[in-house]
$ cat upload-v3.txt   # compact mmCIF, C-alpha atoms
# COMPACT_ATOMS: atom_id res chain seq x y z
CA MET O 281 99.20 67.94 175.55
CA ALA O 282 97.56 66.09 172.73
CA LEU O 283 95.09 63.29 173.00
CA SER O 284 95.85 59.95 171.41
CA HIS O 285 93.05 58.39 169.42
CA SER O 286 92.99 54.69 168.67
CA THR O 287 93.12 53.59 165.07
CA ALA O 288 89.48 52.58 165.28
CA GLN O 289 88.50 55.99 166.66
CA LYS O 290 90.39 57.82 163.93
CA ASN O 291 88.94 55.70 161.17
CA GLY O 292 85.50 55.81 162.75
CA THR O 293 85.52 59.58 162.98
CA LEU O 294 86.60 59.90 159.37
CA ALA O 295 84.01 57.42 158.15
CA GLY O 296 81.29 58.47 160.55
CA THR O 297 80.92 54.98 162.01
CA SER O 298 82.04 55.93 165.50
CA ALA O 299 81.70 59.66 165.95
CA VAL O 300 82.92 60.72 169.38
CA GLY O 301 79.68 62.53 170.08
CA GLY O 302 77.45 59.82 168.68
CA THR O 303 76.56 56.64 170.51
CA THR O 304 80.15 55.40 170.55
CA TYR O 305 80.79 55.97 174.23
CA ASN O 306 77.27 55.65 175.59
CA GLY O 307 77.51 53.64 178.79
CA GLY O 308 81.25 53.27 178.32
CA PHE O 309 83.97 54.08 180.77
CA VAL O 310 86.54 56.63 181.80
CA LYS O 311 89.51 54.73 183.17
CA PHE O 312 92.52 55.97 185.08
CA TYR O 313 95.85 54.15 185.06
CA SER O 314 99.22 54.39 186.75
CA ALA O 315 100.95 53.24 183.57
CA SER O 316 101.75 55.35 180.53
CA MET O 317 100.59 53.29 177.57
CA ALA O 318 102.37 54.07 174.33
CA ASN O 319 99.20 54.87 172.45
CA ALA O 320 95.47 54.27 172.53
CA ASP O 321 95.77 50.97 170.63
CA ALA O 322 97.96 49.48 173.35
CA ALA O 323 96.69 47.13 176.02
CA GLU O 324 95.85 48.83 179.28
CA SER O 325 98.02 48.48 182.34
CA GLY O 326 97.96 49.67 185.91
CA GLY O 327 94.25 50.28 186.33
CA LEU O 328 93.33 52.51 189.25
CA ALA O 329 89.74 53.61 188.81
CA THR O 330 86.84 53.24 186.42
CA LEU O 331 83.89 55.57 186.07
CA THR O 332 80.85 54.65 184.05
CA ILE O 333 79.87 57.11 181.34
CA ASN O 334 76.27 58.23 181.10
CA ALA O 335 73.97 56.16 178.89
CA THR O 336 73.95 59.23 176.65
CA ALA O 337 77.62 60.04 176.80
CA PHE O 338 77.66 63.55 175.37
CA GLY O 339 75.33 66.40 174.68
CA ALA O 340 74.93 67.87 171.23
CA PRO O 341 78.01 69.56 169.79
CA SER O 342 78.29 73.31 170.02
CA ALA O 343 81.08 75.41 168.52
CA GLY O 344 83.14 72.30 167.95
CA SER O 345 82.87 70.96 171.49
CA ILE O 346 80.89 68.28 173.23
CA THR O 347 80.35 68.01 176.97
CA ALA O 348 79.83 64.73 178.74
CA ASN O 349 76.64 64.19 180.61
CA SER O 350 76.82 63.49 184.32
CA MET O 351 78.60 60.41 185.61
CA ALA O 352 78.22 58.61 188.91
CA THR O 353 80.94 58.72 191.53
CA ALA O 354 83.15 55.62 191.59
CA THR O 355 85.34 53.89 194.12
CA ILE O 356 89.06 53.80 193.45
CA ALA O 357 90.13 50.19 193.01
CA ALA O 358 93.88 50.41 193.54
CA THR O 359 96.42 52.72 195.08
CA GLY O 360 98.85 54.45 192.74
CA THR O 361 99.79 57.61 190.90
CA ALA O 362 97.53 58.36 187.97
CA ALA O 363 99.41 59.00 184.75
CA THR O 364 97.02 58.12 181.96
CA ALA O 365 93.29 58.12 181.35
CA ARG O 366 91.16 56.66 178.63
CA ILE O 367 87.65 57.00 177.36
CA VAL O 368 86.54 53.59 176.14
CA ALA O 369 83.42 51.94 174.82
CA VAL O 370 81.30 49.63 176.93
CA SER O 371 82.49 46.59 174.96
CA ASP O 372 86.17 47.35 175.46
CA THR O 373 87.87 45.14 178.04
CA GLY O 374 91.07 47.06 177.48
CA ALA O 375 93.14 43.95 177.88
CA ALA O 376 94.38 43.56 174.35
CA VAL O 377 96.15 45.55 171.72
CA THR O 378 93.46 46.56 169.28
CA THR O 379 92.83 48.49 166.12
CA THR O 380 89.09 47.88 166.28
CA GLN O 381 88.10 49.50 169.58
CA PRO O 382 87.45 53.25 169.70
CA ARG O 383 89.53 54.77 172.46
CA ILE O 384 90.69 58.24 173.42
CA GLN O 385 93.73 58.46 175.65
CA GLY O 386 95.37 61.35 177.41
CA THR O 387 97.72 62.30 180.17
CA VAL O 388 96.62 62.92 183.74
CA GLY O 389 97.93 65.66 185.97
CA THR O 390 96.99 68.49 188.25
CA SER O 391 97.81 70.97 185.47
CA GLY O 392 99.02 70.97 181.91
CA ALA O 393 97.53 67.56 181.18
CA ASP O 394 94.65 66.28 179.10
CA PHE O 395 92.75 65.11 182.16
CA ILE O 396 93.03 67.46 185.13
CA VAL O 397 92.57 65.93 188.56
CA SER O 398 92.72 67.47 192.01
CA SER O 399 95.40 64.94 192.95
CA THR O 400 97.17 62.22 191.01
CA SER O 401 97.58 60.16 194.19
CA PHE O 402 94.77 57.66 194.02
CA VAL O 403 94.05 55.66 197.17
CA SER O 404 92.18 52.39 197.10
CA GLY O 405 88.71 52.77 198.58
CA GLY O 406 88.61 56.50 197.96
CA GLN O 407 85.95 58.15 195.85
CA ILE O 408 86.43 59.74 192.45
CA SER O 409 84.02 61.87 190.48
CA ILE O 410 84.21 63.79 187.23
CA THR O 411 82.85 67.29 187.37
CA SER O 412 83.44 68.23 183.74
CA LEU O 413 84.55 66.35 180.66
CA VAL O 414 84.76 68.32 177.44
CA TYR O 415 86.05 67.12 174.08
CA ASN O 416 87.08 69.73 171.52
CA HIS O 417 87.44 69.17 167.79
CA PRO O 418 90.49 70.99 166.47
CA ALA O 419 89.63 74.32 164.93
CA VAL M 277 100.47 75.86 159.14
CA ALA M 278 97.40 73.89 160.09
CA ILE M 279 94.20 73.44 158.17
CA LYS M 280 91.11 74.98 159.68
CA HIS M 281 87.72 73.40 160.13
CA SER M 282 84.50 75.36 160.04
CA THR M 283 82.13 75.19 162.96
CA GLY M 284 79.88 73.06 160.79
CA ALA M 285 82.73 70.68 160.03
CA ARG M 286 83.68 70.34 163.69
CA ASN M 287 80.16 69.86 164.96
CA GLY M 288 79.43 67.50 162.08
CA ALA M 289 82.49 65.38 162.75
CA LEU M 290 81.60 65.14 166.43
CA SER M 291 78.00 64.15 165.80
CA GLY M 292 78.66 62.02 162.74
CA THR M 293 76.56 64.29 160.54
CA TYR M 294 79.52 65.39 158.41
CA PRO M 295 82.32 62.85 158.60
CA VAL M 296 85.17 64.02 156.39
CA GLY M 297 85.25 60.71 154.56
CA ALA M 298 81.53 60.30 153.99
CA PRO M 299 80.41 60.40 150.36
CA ALA M 300 78.02 63.32 150.87
CA THR M 301 80.09 65.62 153.04
CA TYR M 302 82.45 67.25 150.56
CA TYR M 303 81.81 67.95 146.89
CA GLY M 304 84.70 69.97 145.60
CA PHE M 305 88.17 71.31 146.17
CA VAL M 306 88.19 75.06 145.63
CA LEU M 307 90.94 77.63 145.20
CA TRP M 308 90.45 81.28 146.08
CA SER M 309 92.54 84.37 145.42
CA VAL M 310 91.75 85.91 148.79
CA ALA M 311 93.70 84.92 151.89
CA THR M 312 91.17 83.76 154.45
CA THR M 313 91.83 82.18 157.80
CA ASP M 314 88.27 81.94 159.09
CA PRO M 315 86.47 78.98 157.56
CA ASP M 316 83.11 80.31 158.75
CA ALA M 317 83.53 83.54 156.79
CA ALA M 318 82.31 84.39 153.32
CA PHE M 319 84.86 83.63 150.63
CA GLY M 320 85.83 85.90 147.79
CA GLY M 321 87.92 85.56 144.68
CA TRP M 322 86.81 82.17 143.46
CA LEU M 323 89.29 80.82 140.97
CA VAL M 324 88.48 77.18 140.32
CA THR M 325 86.69 74.12 141.60
CA CYS M 326 87.74 70.53 141.12
CA VAL M 327 84.81 68.20 141.64
CA LEU M 328 85.85 65.36 143.92
CA GLY M 329 85.45 61.76 142.91
CA SER M 330 82.49 59.58 143.74
CA PRO M 331 83.01 58.77 146.51
CA PRO M 332 85.45 61.57 147.29
CA PHE M 333 87.66 59.43 149.51
CA SER M 334 88.63 55.82 149.89
CA PRO M 335 87.79 54.24 153.25
CA PRO M 336 90.17 55.43 155.98
CA VAL M 337 93.27 53.38 156.69
CA GLY M 338 95.26 54.04 159.82
CA GLY M 339 93.47 57.31 160.35
CA VAL M 340 94.23 58.60 156.88
CA LEU M 341 91.84 59.38 154.04
CA THR M 342 93.10 59.45 150.48
CA ALA M 343 91.06 61.21 147.84
CA ASN M 344 89.89 59.31 144.82
CA PRO M 345 90.61 60.86 141.41
CA ALA M 346 88.84 64.18 140.97
CA SER M 347 87.70 65.97 137.85
CA SER M 348 89.92 68.63 136.34
CA GLY M 349 88.83 72.16 137.07
CA VAL M 350 88.68 75.04 134.62
CA VAL M 351 90.07 78.27 136.02
CA GLN M 352 87.35 80.92 136.06
CA SER M 353 89.53 83.99 136.32
CA THR M 354 93.19 84.88 136.39
CA GLY M 355 94.63 85.32 139.83
CA THR M 356 96.97 84.11 142.52
CA ALA M 357 95.68 81.27 144.64
CA GLN M 358 96.04 81.95 148.35
CA THR M 359 93.42 79.77 149.99
CA GLY M 360 92.23 76.28 149.20
CA GLY M 361 89.71 73.99 150.72
CA LEU M 362 86.99 71.42 150.64
CA PHE M 363 83.40 72.54 150.34
CA SER M 364 80.09 70.75 150.29
CA GLY M 365 77.85 70.72 147.27
CA ALA M 366 75.17 72.62 149.14
CA GLU M 367 76.92 75.99 149.05
CA ASN M 368 79.58 77.97 147.21
CA GLY M 369 81.17 79.73 150.15
CA SER M 370 79.78 83.11 149.21
CA ALA M 371 78.05 83.61 152.56
CA PRO M 372 79.21 83.22 156.15
CA SER M 373 78.18 79.92 157.64
CA THR M 374 78.47 78.02 160.89
CA THR M 375 76.52 75.07 159.57
CA TYR M 376 78.22 73.96 156.36
CA PRO M 377 81.28 71.73 156.54
CA ARG M 378 84.38 73.46 155.22
CA ILE M 379 88.06 72.64 155.56
CA ILE M 380 90.43 75.34 154.40
CA GLY M 381 94.14 75.88 154.32
CA THR M 382 96.90 77.96 152.86
CA VAL M 383 98.31 77.45 149.39
CA SER M 384 101.90 77.51 148.25
CA THR M 385 104.31 75.88 145.89
CA ALA M 386 106.57 73.10 147.15
CA GLY M 387 108.71 74.20 150.06
CA GLY M 388 106.50 77.16 150.80
CA GLY M 389 104.86 75.61 153.81
CA GLY M 390 101.30 75.67 152.56
CA ASP M 391 98.65 73.18 153.49
CA PHE M 392 97.92 72.62 149.81
CA ILE M 393 100.85 72.43 147.43
CA LEU M 394 100.43 73.65 143.85
CA SER M 395 102.87 73.49 140.95
CA SER M 396 102.13 77.20 140.55
CA THR M 397 99.91 79.57 142.48
CA SER M 398 99.44 81.78 139.40
CA LEU M 399 96.29 80.60 137.73
CA VAL M 400 95.22 81.74 134.29
CA GLN M 401 91.64 81.98 133.11
CA ASN M 402 90.48 78.96 131.13
CA GLY M 403 93.51 76.99 132.18
CA GLN M 404 92.96 73.62 133.78
CA ILE M 405 94.14 72.21 137.06
CA SER M 406 94.11 68.66 138.29
CA LEU M 407 94.10 67.42 141.83
CA THR M 408 96.53 64.71 142.92
CA GLY M 409 97.71 63.35 146.21
CA LEU M 410 95.07 64.83 148.47
CA THR M 411 95.08 63.18 151.88
CA TYR M 412 93.49 64.01 155.22
CA THR M 413 95.04 62.66 158.42
CA HIS M 414 93.31 62.30 161.78
CA THR M 415 95.97 62.89 164.42

$ encode --input "upload-v3.txt" --output "structure tokens"
Amino acid sequence: MALSHSTAQKNGTLAGTSAVGGTTYNGGFVKFYSASMANADAAESGGLATLTINATAFGAPSAGSITANSMATATIAATGTAATARIVAVSDTGAAVTTTQPRIQGTVGTSGADFIVSSTSFVSGGQISITSLVYNHPA
Amino acid sequence: VAIKHSTGARNGALSGTYPVGAPATYYGFVLWSVATTDPDAAFGGWLVTCVLGSPPFSPPVGGVLTANPASSGVVQSTGTAQTGGLFSGAENGSAPSTTYPRIIGTVSTAGGGGDFILSSTSLVQNGQISLTGLTYTHT
């Protein structure tokens, strides 16, 4: 699978104004959705769970990869089947179509997806944690 | 065929140290007579360098950078171009590096499937080449 980057994330990476491994996602969120949004600029839909990213989102890059620092466990807010996940900035409400918010979007699945989960069946009130989140720059 | 980013380019893009579109990241477009697929390796068979404009790229639009006009380059020796790429002004590619930003790709004439398209890959010493239509797209 291939991640989808929002217009703002693409432009920000190219210009250096919102590098993925910089402060862009410090204190931001990883969100899981039941909907499959067309791209990362689209408004979010079908929110299931939100995890808060560490105040220092990523460690220093090594060999073209960055690894997220630890995140707290979160409570699943709604029951549904997770299909999409996004990494968003703390200021991003997700509600609107945007070309100004940095976002990284990918598919969710138990295998062969951008975000691998133990189960895509999210149950309201359950707990969700992220054990590893790694972002790779293409070689 | 896909362009290849050096370790320095990948780490630098992730951290914001070497954004592709930043004025100080890339200095010149270089053609080499040796086929090389490892951007961290030492490069041999230097043929010509076109010094990029100042700044090298216009601000990104829709995740795409377009190069500003570059200086013509004088061919240093006769040979067949096989590898092309962007290099910083801090090095000439003669030594292996995992710190300098480099983006390299294959070279061909139109329809040959190269990353960089030339009117001819046969370069003649003291001839001149000009660079047109260079773009970089963030997927």

$ residues_around --input "upload-v3.txt" --residues "range 354-368 of chain M" --least-positions-apart "3" --cutoff "8 Å" --atoms "all atoms listed in the file" --output "ChimeraX atom specification"
/M:300-312,323,351,371,376-384,392,397-401

$ closest_residue --input "upload-v3.txt" --among "M:Gly388, M:Gly409, M:Gly403, M:Pro372" --to "Gly320 in chain M" --atoms "only C-alpha atoms"
M:Pro372

$ residues_near_point --input "upload-v3.txt" --point "(83.1, 70.4, 160.4)" --cutoff "10 Å" --atoms "all atoms listed in the file" --output "PyMOL selection string"
(chain O and resi 343-344+417-419) or (chain M and resi 280-296+301+315+374-379)

$ interface_residues --input "upload-v3.txt" --of "chain O" --to "chain M" --cutoff "7 Å" --atoms "only C-alpha atoms" --output "number ranges by chain"
O: 287, 290-291, 293-296, 299-302, 341-344, 417, 419

$ write_last_selection --input "upload-v3.txt" --atoms "C-alpha atoms" --output "PDB file, keeping the file's coordinate frame"
ATOM      1  CA  THR O 287      93.120  53.590 165.070  1.00  0.00           C
ATOM      2  CA  LYS O 290      90.390  57.820 163.930  1.00  0.00           C
ATOM      3  CA  ASN O 291      88.940  55.700 161.170  1.00  0.00           C
ATOM      4  CA  THR O 293      85.520  59.580 162.980  1.00  0.00           C
ATOM      5  CA  LEU O 294      86.600  59.900 159.370  1.00  0.00           C
ATOM      6  CA  ALA O 295      84.010  57.420 158.150  1.00  0.00           C
ATOM      7  CA  GLY O 296      81.290  58.470 160.550  1.00  0.00           C
ATOM      8  CA  ALA O 299      81.700  59.660 165.950  1.00  0.00           C
ATOM      9  CA  VAL O 300      82.920  60.720 169.380  1.00  0.00           C
ATOM     10  CA  GLY O 301      79.680  62.530 170.080  1.00  0.00           C
ATOM     11  CA  GLY O 302      77.450  59.820 168.680  1.00  0.00           C
ATOM     12  CA  PRO O 341      78.010  69.560 169.790  1.00  0.00           C
ATOM     13  CA  SER O 342      78.290  73.310 170.020  1.00  0.00           C
ATOM     14  CA  ALA O 343      81.080  75.410 168.520  1.00  0.00           C
ATOM     15  CA  GLY O 344      83.140  72.300 167.950  1.00  0.00           C
ATOM     16  CA  HIS O 417      87.440  69.170 167.790  1.00  0.00           C
ATOM     17  CA  ALA O 419      89.630  74.320 164.930  1.00  0.00           C
TER      18      ALA O 419
END

$ atom_distance --input "upload-v3.txt" --atom1 "CA of Val370 in chain O" --atom2 "CA of Ile356 in chain O"
18.7 Å

$ residues_around --input "upload-v3.txt" --residues "Leu328 in chain O" --least-positions-apart "5" --cutoff "12 Å" --atoms "all atoms listed in the file" --output "ChimeraX atom specification"
/O:310-315,354-366,400-408

$ atom_distance --input "upload-v3.txt" --atom1 "CA of Thr411 in chain O" --atom2 "CA of Ala337 in chain O"
13.8 Å

$ build_atoms --input "upload-v3.txt" --residues "range 332-352 of chain O" --atoms "N, CA and C atoms" --output "short mmCIF file (atom, residue, chain, number, x, y, z; two decimals), keeping the file's coordinate frame"
data_model
loop_
_atom_site.label_atom_id
_atom_site.label_comp_id
_atom_site.auth_asym_id
_atom_site.auth_seq_id
_atom_site.Cartn_x
_atom_site.Cartn_y
_atom_site.Cartn_z
N THR O 332 81.76 55.01 185.12
CA THR O 332 80.85 54.65 184.05
C THR O 332 80.27 55.91 183.41
N ILE O 333 80.38 55.96 182.10
CA ILE O 333 79.87 57.11 181.34
C ILE O 333 78.34 57.01 181.27
N ASN O 334 77.72 58.15 181.22
CA ASN O 334 76.27 58.23 181.10
C ASN O 334 75.77 57.42 179.91
N ALA O 335 74.56 56.94 179.99
CA ALA O 335 73.97 56.16 178.89
C ALA O 335 73.87 57.00 177.62
N THR O 336 73.77 58.30 177.78
CA THR O 336 73.95 59.23 176.65
C THR O 336 75.21 60.01 176.97
N ALA O 337 76.31 59.58 176.37
CA ALA O 337 77.62 60.04 176.80
C ALA O 337 77.78 61.55 176.73
N PHE O 338 77.40 62.13 175.59
CA PHE O 338 77.66 63.55 175.37
C PHE O 338 76.38 64.27 174.92
N GLY O 339 76.36 65.55 175.23
CA GLY O 339 75.33 66.40 174.68
C GLY O 339 75.64 66.74 173.24
N ALA O 340 74.75 67.48 172.62
CA ALA O 340 74.93 67.87 171.23
C ALA O 340 76.13 68.79 171.08
N PRO O 341 76.85 68.68 169.97
CA PRO O 341 78.01 69.56 169.79
C PRO O 341 77.61 71.01 169.63
N SER O 342 78.48 71.87 170.16
CA SER O 342 78.29 73.31 170.02
C SER O 342 79.66 73.95 169.84
N ALA O 343 79.80 74.72 168.78
CA ALA O 343 81.08 75.41 168.52
C ALA O 343 82.27 74.46 168.55
N GLY O 344 82.05 73.25 168.05
CA GLY O 344 83.14 72.30 167.95
C GLY O 344 83.48 71.57 169.23
N SER O 345 82.60 71.64 170.21
CA SER O 345 82.87 70.96 171.49
C SER O 345 81.67 70.12 171.90
N ILE O 346 81.95 69.06 172.62
CA ILE O 346 80.89 68.28 173.23
C ILE O 346 81.22 68.11 174.71
N THR O 347 80.19 68.13 175.52
CA THR O 347 80.35 68.01 176.97
C THR O 347 79.66 66.75 177.45
N ALA O 348 80.38 65.99 178.24
CA ALA O 348 79.83 64.73 178.74
C ALA O 348 78.69 65.00 179.71
N ASN O 349 77.70 64.14 179.63
CA ASN O 349 76.64 64.19 180.61
C ASN O 349 77.14 63.61 181.94
N SER O 350 76.36 63.80 182.97
CA SER O 350 76.82 63.49 184.32
C SER O 350 77.17 62.01 184.49
N MET O 351 78.16 61.78 185.31
CA MET O 351 78.60 60.41 185.61
C MET O 351 78.55 60.19 187.11
N ALA O 352 78.28 58.96 187.48
CA ALA O 352 78.22 58.61 188.91
C ALA O 352 79.62 58.56 189.51
#
